[in-house]
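Asks: This is the structure, below, for whatever I ask next.
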Amino acid sequence: MPTIKVATPADYDLPRDVCSYGYFVLAPNYWDTKARVLWRVFDLGQRAVLAKVSQKSRRGGSLSVWTSESLDKTEVAALRAQLTRMLCLDETAEHLAQFHALDPRFAASGKGRLLRSPTLFEDVIKTVTSCNVTWPGTIQMNKRLCEVLGKRAVVAKAAPQAHAFPTPAKLARARPATLRARCRVGYRDTRLIELARLFVLPPSRGGIDESWLADPATPDEVVFKSLIELPGVGPYAAANIMQLLGRYSRLPLDTESVRHGRSVLGMKGTSAQIMKRVKQHFEPFGAHAFRSYWFELWDMYEAKHGPSHTWERDSTGKLFTAAALNAT
DNA sequence: GGTAGACCTGGACGC
DNA sequence: GCGTCCAGGTCTACC
């Protein structure tokens, strides 16, 4: 069975660090709660391959990545690069300690890394599919996008996941009617296609410049202004994409922020007033504001529903509807 | 600059 | 089983 080893930072903990953000239940990711392993189909260019990521010893042990087919050197390099972005393996324990020094509440658990996607493109599409829709709707849209437009891996019928996430080129060529009817994305159809086209175009012709967005020398404010120009991306989505780029200074404020402000932080006022107050509340955490905000929310979810690594994909969606969250 | 209403889907609820 | 209501962030038109 082909298996590759991937080194991790000294404090890396697979269940904690994968199940740190809702994307771990979005296709093509599949978290096996019993075995505590991550399944995912990776698009490696010429073909899609199913991978199972496991960690024998917690806290710093290397990852074992089993793949459904033998990979050549180029594919192994592509897989390593995708896993590094997805699991934030390039964020050192020392860098994470800066966050824990600012917010010691999460030092003992070591929480701080946030799961993201292997590509910025997938993060942007996932963010847009999470806007103006309840969480079960987001789960469905991503599942269908993979099934309809993602490359299929050669896997057994019972495999937990068979399709990769669509490539920008594939989504750019899709018809709006297909996205609407088969992927159930609703009015997001043309916006998703326009976004995909921007990832296909080179930056010199108006396409998205990923390296510029990721460059620490590019100021957060400039990145925010650039992201908010994208179709389907408003203030919430732009701030969320920023945290997925590792820029944690802004909060993606939404109805969940308002609920948290009211029910946990005891704030009063209109939704707009509470959003302002939540923002002010987390300003002391500066460059790590989002992490403080997010893990405070995440702790609340875990207090209600148990550790996140026990949340099943098919039932998790219902835990995060407004009705379920309001019922305490 | 601020605000109202449309945009879609799927779940909840009442009958 | 059907109809109605509601949640959700972005976009456009309008003031």
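Just so we're on the same page: first chain in the structure tokens is A, next is B, and so on; residues restart at 1 for each chain, and ligands are numbered from 1 in the order they show up.
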Mind listing as a ChimeraX atom specification which residues of chain C are within 9 Å of chain A, counting only C-alpha atoms (C1' of nucleotides)?
Replies: /C:7-11
Asks: Go ahead and write the residues just picked, N, CA and C atoms (P, O5', C5', C4', C3', O3' and C1' of nucleotides), as an mmCIF file, in the first residue's frame.
Replies:
data_model
loop_
_atom_site.group_PDB
_atom_site.id
_atom_site.type_symbol
_atom_site.label_atom_id
_atom_site.label_comp_id
_atom_site.auth_asym_id
_atom_site.auth_seq_id
_atom_site.Cartn_x
_atom_site.Cartn_y
_atom_site.Cartn_z
ATOM 1 P P DA C 7 -35.829 34.274 10.993
ATOM 2 O "O5'" DA C 7 -34.485 33.576 10.517
ATOM 3 C "C5'" DA C 7 -34.183 32.241 10.931
ATOM 4 C "C4'" DA C 7 -32.957 31.751 10.186
ATOM 5 C "C3'" DA C 7 -31.829 32.781 10.088
ATOM 6 O "O3'" DA C 7 -30.604 32.145 10.404
ATOM 7 C "C1'" DA C 7 -32.497 32.050 7.910
ATOM 8 P P DG C 8 -29.398 33.027 10.934
ATOM 9 O "O5'" DG C 8 -28.592 33.419 9.615
ATOM 10 C "C5'" DG C 8 -27.792 32.458 8.972
ATOM 11 C "C4'" DG C 8 -27.536 32.884 7.547
ATOM 12 C "C3'" DG C 8 -27.107 34.358 7.357
ATOM 13 O "O3'" DG C 8 -25.687 34.456 7.412
ATOM 14 C "C1'" DG C 8 -28.539 33.533 5.603
ATOM 15 P P DG C 9 -25.060 35.938 7.714
ATOM 16 O "O5'" DG C 9 -24.526 36.476 6.313
ATOM 17 C "C5'" DG C 9 -23.442 35.800 5.701
ATOM 18 C "C4'" DG C 9 -23.183 36.384 4.330
ATOM 19 C "C3'" DG C 9 -22.642 37.813 4.292
ATOM 20 O "O3'" DG C 9 -21.656 37.847 3.257
ATOM 21 C "C1'" DG C 9 -24.715 37.727 3.132
ATOM 22 P P DT C 10 -21.021 39.187 2.659
ATOM 23 O "O5'" DT C 10 -21.881 39.421 1.330
ATOM 24 C "C5'" DT C 10 -21.829 38.409 0.325
ATOM 25 C "C4'" DT C 10 -22.554 38.870 -0.927
ATOM 26 C "C3'" DT C 10 -22.064 40.203 -1.511
ATOM 27 O "O3'" DT C 10 -21.885 39.995 -2.910
ATOM 28 C "C1'" DT C 10 -24.408 40.273 -1.195
ATOM 29 P P DC C 11 -21.232 41.123 -3.870
ATOM 30 O "O5'" DC C 11 -22.507 41.810 -4.544
ATOM 31 C "C5'" DC C 11 -23.372 41.005 -5.334
ATOM 32 C "C4'" DC C 11 -24.581 41.842 -5.742
ATOM 33 C "C3'" DC C 11 -24.211 43.237 -6.262
ATOM 34 O "O3'" DC C 11 -24.763 43.369 -7.560
ATOM 35 C "C1'" DC C 11 -25.952 43.359 -4.633
#
Asks: Please identify every residue of chain A that has at least one atom no more than 7 Å from any atom of chain B, counting only C-alpha atoms (C1' of nucleotides), and report them as a short mmCIF file (atom, residue, chain, number, x, y, z; two decimals) with all heavy atoms, in the first residue's frame.
Replies:
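So the final result, stored in result28.cif, reads:
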data_model
loop_
_atom_site.label_atom_id
_atom_site.label_comp_id
_atom_site.auth_asym_id
_atom_site.auth_seq_id
_atom_site.Cartn_x
_atom_site.Cartn_y
_atom_site.Cartn_z
N GLY A 137 -27.10 23.75 3.91
CA GLY A 137 -27.08 24.12 2.49
C GLY A 137 -25.66 24.19 1.96
O GLY A 137 -25.37 23.77 0.84
N GLY A 186 -28.19 28.03 -6.54
CA GLY A 186 -29.09 29.16 -6.64
C GLY A 186 -28.49 30.34 -7.38
O GLY A 186 -27.78 30.17 -8.37
N TYR A 187 -28.75 31.55 -6.88
CA TYR A 187 -28.31 32.77 -7.56
C TYR A 187 -26.79 32.92 -7.58
O TYR A 187 -26.26 33.81 -8.25
CB TYR A 187 -28.92 34.00 -6.88
CG TYR A 187 -28.41 34.20 -5.47
CD1 TYR A 187 -27.27 34.96 -5.24
CD2 TYR A 187 -29.03 33.61 -4.38
CE1 TYR A 187 -26.78 35.13 -3.97
CE2 TYR A 187 -28.54 33.77 -3.10
CZ TYR A 187 -27.41 34.53 -2.89
OH TYR A 187 -26.91 34.68 -1.63
#
Asks: Counting only C-alpha atoms, figure out which residue out of A:Gly61, A:Pro252, A:Pro136, A:Pro168 gets nearest to Ile208 in chain A.
Replies: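 The closest residue to Ile208 in chain A is A:Pro168.
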Asks: Can you measure CA of Arg113 in chain A to CA of Arg291 in chain A for me? One decimal in Å is fine.
Replies: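 Interatomic distance here is 8.5 Å.
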Asks: Point out the residue among A:Lys143, A:Lys126, A:Arg250, A:Arg47 with the least atom-to-atom distance to Ala78 in chain A, counting only C-alpha atoms.
Replies: A:Arg47
Asks: What's around Tyr21 in chain A at 12 Å? Count only C-alpha atoms (C1' of nucleotides), leave out sequence neighbours fewer than 2 positions away in its own chain, and write the answer as JSON, numbers by chain.
Replies: {"A": [15, 16, 17, 18, 19, 23, 24, 25, 26, 29, 86, 87, 111, 112, 113, 114, 115, 116, 117, 123, 240, 243, 244, 291, 294, 295, 297, 298, 299, 301, 302, 308, 309, 311]}
Asks: Restrict the selected residues to N, CA and C atoms and save them as a JSON list (two decimals), in the first residue's frame.
Replies:
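Result file follows (part12.json):
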[["chain", "number", "residue", "atom", "x", "y", "z"],
["A", 15, "PRO", "N", -6.36, 15.42, 15.14],
["A", 15, "PRO", "CA", -7.80, 15.64, 15.41],
["A", 15, "PRO", "C", -8.10, 17.09, 15.82],
["A", 16, "ARG", "N", -7.25, 17.65, 16.66],
["A", 16, "ARG", "CA", -7.49, 19.03, 17.12],
["A", 16, "ARG", "C", -7.35, 20.03, 15.99],
["A", 17, "ASP", "N", -6.32, 19.86, 15.16],
["A", 17, "ASP", "CA", -6.01, 20.88, 14.17],
["A", 17, "ASP", "C", -6.79, 20.72, 12.86],
["A", 18, "VAL", "N", -7.28, 19.51, 12.57],
["A", 18, "VAL", "CA", -8.17, 19.34, 11.40],
["A", 18, "VAL", "C", -9.58, 19.79, 11.77],
["A", 19, "CYS", "N", -10.03, 19.36, 12.94],
["A", 19, "CYS", "CA", -11.41, 19.67, 13.34],
["A", 19, "CYS", "C", -11.45, 21.02, 14.06],
["A", 23, "TYR", "N", -14.83, 23.62, 7.71],
["A", 23, "TYR", "CA", -14.53, 23.01, 6.41],
["A", 23, "TYR", "C", -14.17, 21.52, 6.53],
["A", 24, "PHE", "N", -13.90, 21.04, 7.74],
["A", 24, "PHE", "CA", -13.54, 19.62, 7.86],
["A", 24, "PHE", "C", -14.74, 18.70, 7.57],
["A", 25, "VAL", "N", -15.95, 19.28, 7.56],
["A", 25, "VAL", "CA", -17.12, 18.45, 7.18],
["A", 25, "VAL", "C", -17.59, 18.77, 5.76],
["A", 26, "LEU", "N", -16.89, 19.63, 5.06],
["A", 26, "LEU", "CA", -17.28, 19.97, 3.68],
["A", 26, "LEU", "C", -16.51, 19.11, 2.67],
["A", 29, "ASN", "N", -13.59, 16.82, 1.84],
["A", 29, "ASN", "CA", -13.01, 16.33, 3.10],
["A", 29, "ASN", "C", -13.98, 15.38, 3.77],
["A", 86, "MET", "N", -3.14, 23.15, 3.52],
["A", 86, "MET", "CA", -4.40, 22.74, 4.15],
["A", 86, "MET", "C", -4.27, 22.63, 5.68],
["A", 87, "LEU", "N", -3.20, 22.03, 6.13],
["A", 87, "LEU", "CA", -3.04, 21.74, 7.55],
["A", 87, "LEU", "C", -2.17, 22.78, 8.27],
["A", 111, "LYS", "N", -4.80, 25.08, 20.93],
["A", 111, "LYS", "CA", -5.59, 25.45, 19.76],
["A", 111, "LYS", "C", -5.04, 26.73, 19.12],
["A", 112, "GLY", "N", -5.11, 26.79, 17.81],
["A", 112, "GLY", "CA", -4.62, 27.99, 17.12],
["A", 112, "GLY", "C", -4.57, 27.80, 15.62],
["A", 113, "ARG", "N", -4.19, 26.60, 15.17],
["A", 113, "ARG", "CA", -4.18, 26.36, 13.72],
["A", 113, "ARG", "C", -5.60, 26.16, 13.24],
["A", 114, "LEU", "N", -5.89, 26.70, 12.07],
["A", 114, "LEU", "CA", -7.23, 26.57, 11.48],
["A", 114, "LEU", "C", -7.13, 25.82, 10.18],
["A", 115, "LEU", "N", -7.98, 24.82, 10.04],
["A", 115, "LEU", "CA", -7.98, 24.06, 8.79],
["A", 115, "LEU", "C", -8.37, 24.97, 7.63],
["A", 116, "ARG", "N", -7.72, 24.80, 6.51],
["A", 116, "ARG", "CA", -8.14, 25.51, 5.30],
["A", 116, "ARG", "C", -8.08, 24.54, 4.14],
["A", 117, "SER", "N", -8.21, 25.04, 2.94],
["A", 117, "SER", "CA", -8.24, 24.15, 1.77],
["A", 117, "SER", "C", -6.86, 24.07, 1.15],
["A", 123, "ASP", "N", -10.90, 27.72, -1.09],
["A", 123, "ASP", "CA", -11.31, 28.51, 0.07],
["A", 123, "ASP", "C", -12.29, 29.62, -0.33],
["A", 240, "ASN", "N", -13.36, 36.59, 5.89],
["A", 240, "ASN", "CA", -13.18, 35.15, 6.06],
["A", 240, "ASN", "C", -12.07, 34.62, 5.16],
["A", 243, "GLN", "N", -8.73, 35.36, 6.76],
["A", 243, "GLN", "CA", -8.25, 34.43, 7.80],
["A", 243, "GLN", "C", -7.76, 33.13, 7.17],
["A", 244, "LEU", "N", -8.36, 32.78, 6.03],
["A", 244, "LEU", "CA", -7.91, 31.57, 5.33],
["A", 244, "LEU", "C", -6.56, 31.81, 4.64],
["A", 291, "ARG", "N", -8.46, 34.60, 15.65],
["A", 291, "ARG", "CA", -8.25, 33.33, 16.35],
["A", 291, "ARG", "C", -8.89, 33.36, 17.73],
["A", 294, "TRP", "N", -12.63, 33.14, 17.11],
["A", 294, "TRP", "CA", -13.06, 31.85, 16.59],
["A", 294, "TRP", "C", -12.98, 30.75, 17.63],
["A", 295, "PHE", "N", -11.88, 30.66, 18.37],
["A", 295, "PHE", "CA", -11.76, 29.56, 19.33],
["A", 295, "PHE", "C", -12.66, 29.78, 20.55],
["A", 297, "LEU", "N", -15.73, 30.94, 20.10],
["A", 297, "LEU", "CA", -16.95, 30.35, 19.53],
["A", 297, "LEU", "C", -16.86, 28.82, 19.51],
["A", 298, "TRP", "N", -15.71, 28.34, 19.06],
["A", 298, "TRP", "CA", -15.52, 26.88, 18.90],
["A", 298, "TRP", "C", -15.64, 26.17, 20.24],
["A", 299, "ASP", "N", -15.10, 26.77, 21.30],
["A", 299, "ASP", "CA", -15.22, 26.19, 22.65],
["A", 299, "ASP", "C", -16.68, 26.10, 23.07],
["A", 301, "TYR", "N", -19.24, 25.78, 21.00],
["A", 301, "TYR", "CA", -19.86, 24.69, 20.24],
["A", 301, "TYR", "C", -19.49, 23.34, 20.87],
["A", 302, "GLU", "N", -18.24, 23.20, 21.28],
["A", 302, "GLU", "CA", -17.79, 21.93, 21.85],
["A", 302, "GLU", "C", -18.43, 21.69, 23.22],
["A", 308, "SER", "N", -15.04, 18.45, 18.79],
["A", 308, "SER", "CA", -15.35, 18.56, 17.36],
["A", 308, "SER", "C", -14.93, 17.31, 16.57],
["A", 309, "HIS", "N", -13.92, 16.59, 17.05],
["A", 309, "HIS", "CA", -13.49, 15.41, 16.29],
["A", 309, "HIS", "C", -14.50, 14.26, 16.39],
["A", 311, "TRP", "N", -17.81, 15.00, 15.76],
["A", 311, "TRP", "CA", -18.98, 15.45, 15.00],
["A", 311, "TRP", "C", -19.06, 14.72, 13.66]]
Asks: Quick check for you: according to DSSP on this backbone, which residues of range 26-124 of chain A are classed as strand (DSSP E or B)? Reply as a VMD selection string.
Replies: chain A and resid 29 to 32 37 to 43 48 to 55 63 to 67
Asks: Among range 89-283 of chain A, which ones does DSSP place in alpha helix (DSSP H), written as a VMD selection string?
Replies: chain A and resid 93 to 102 120 to 128 135 to 149 168 to 172 176 to 182 189 to 200 210 to 214 220 to 227 235 to 244 255 to 263 271 to 282
Asks: For CA of Ile4 in chain A and CA of Leu83 in chain A, quote the distance in Å rounded to one decimal.
Replies: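 Atom-to-atom, CA of Ile4 in chain A and CA of Leu83 in chain A are spaced 11.9 Å apart.
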Asks: Find the spatial neighbours of Ala289 in chain A, counting only C-alpha atoms (C1' of nucleotides), within a cut-off of 8 Å - ignore same-chain residues fewer than 6 positions away - and output them as number ranges by chain.
Replies: A: 248-251, 282-283
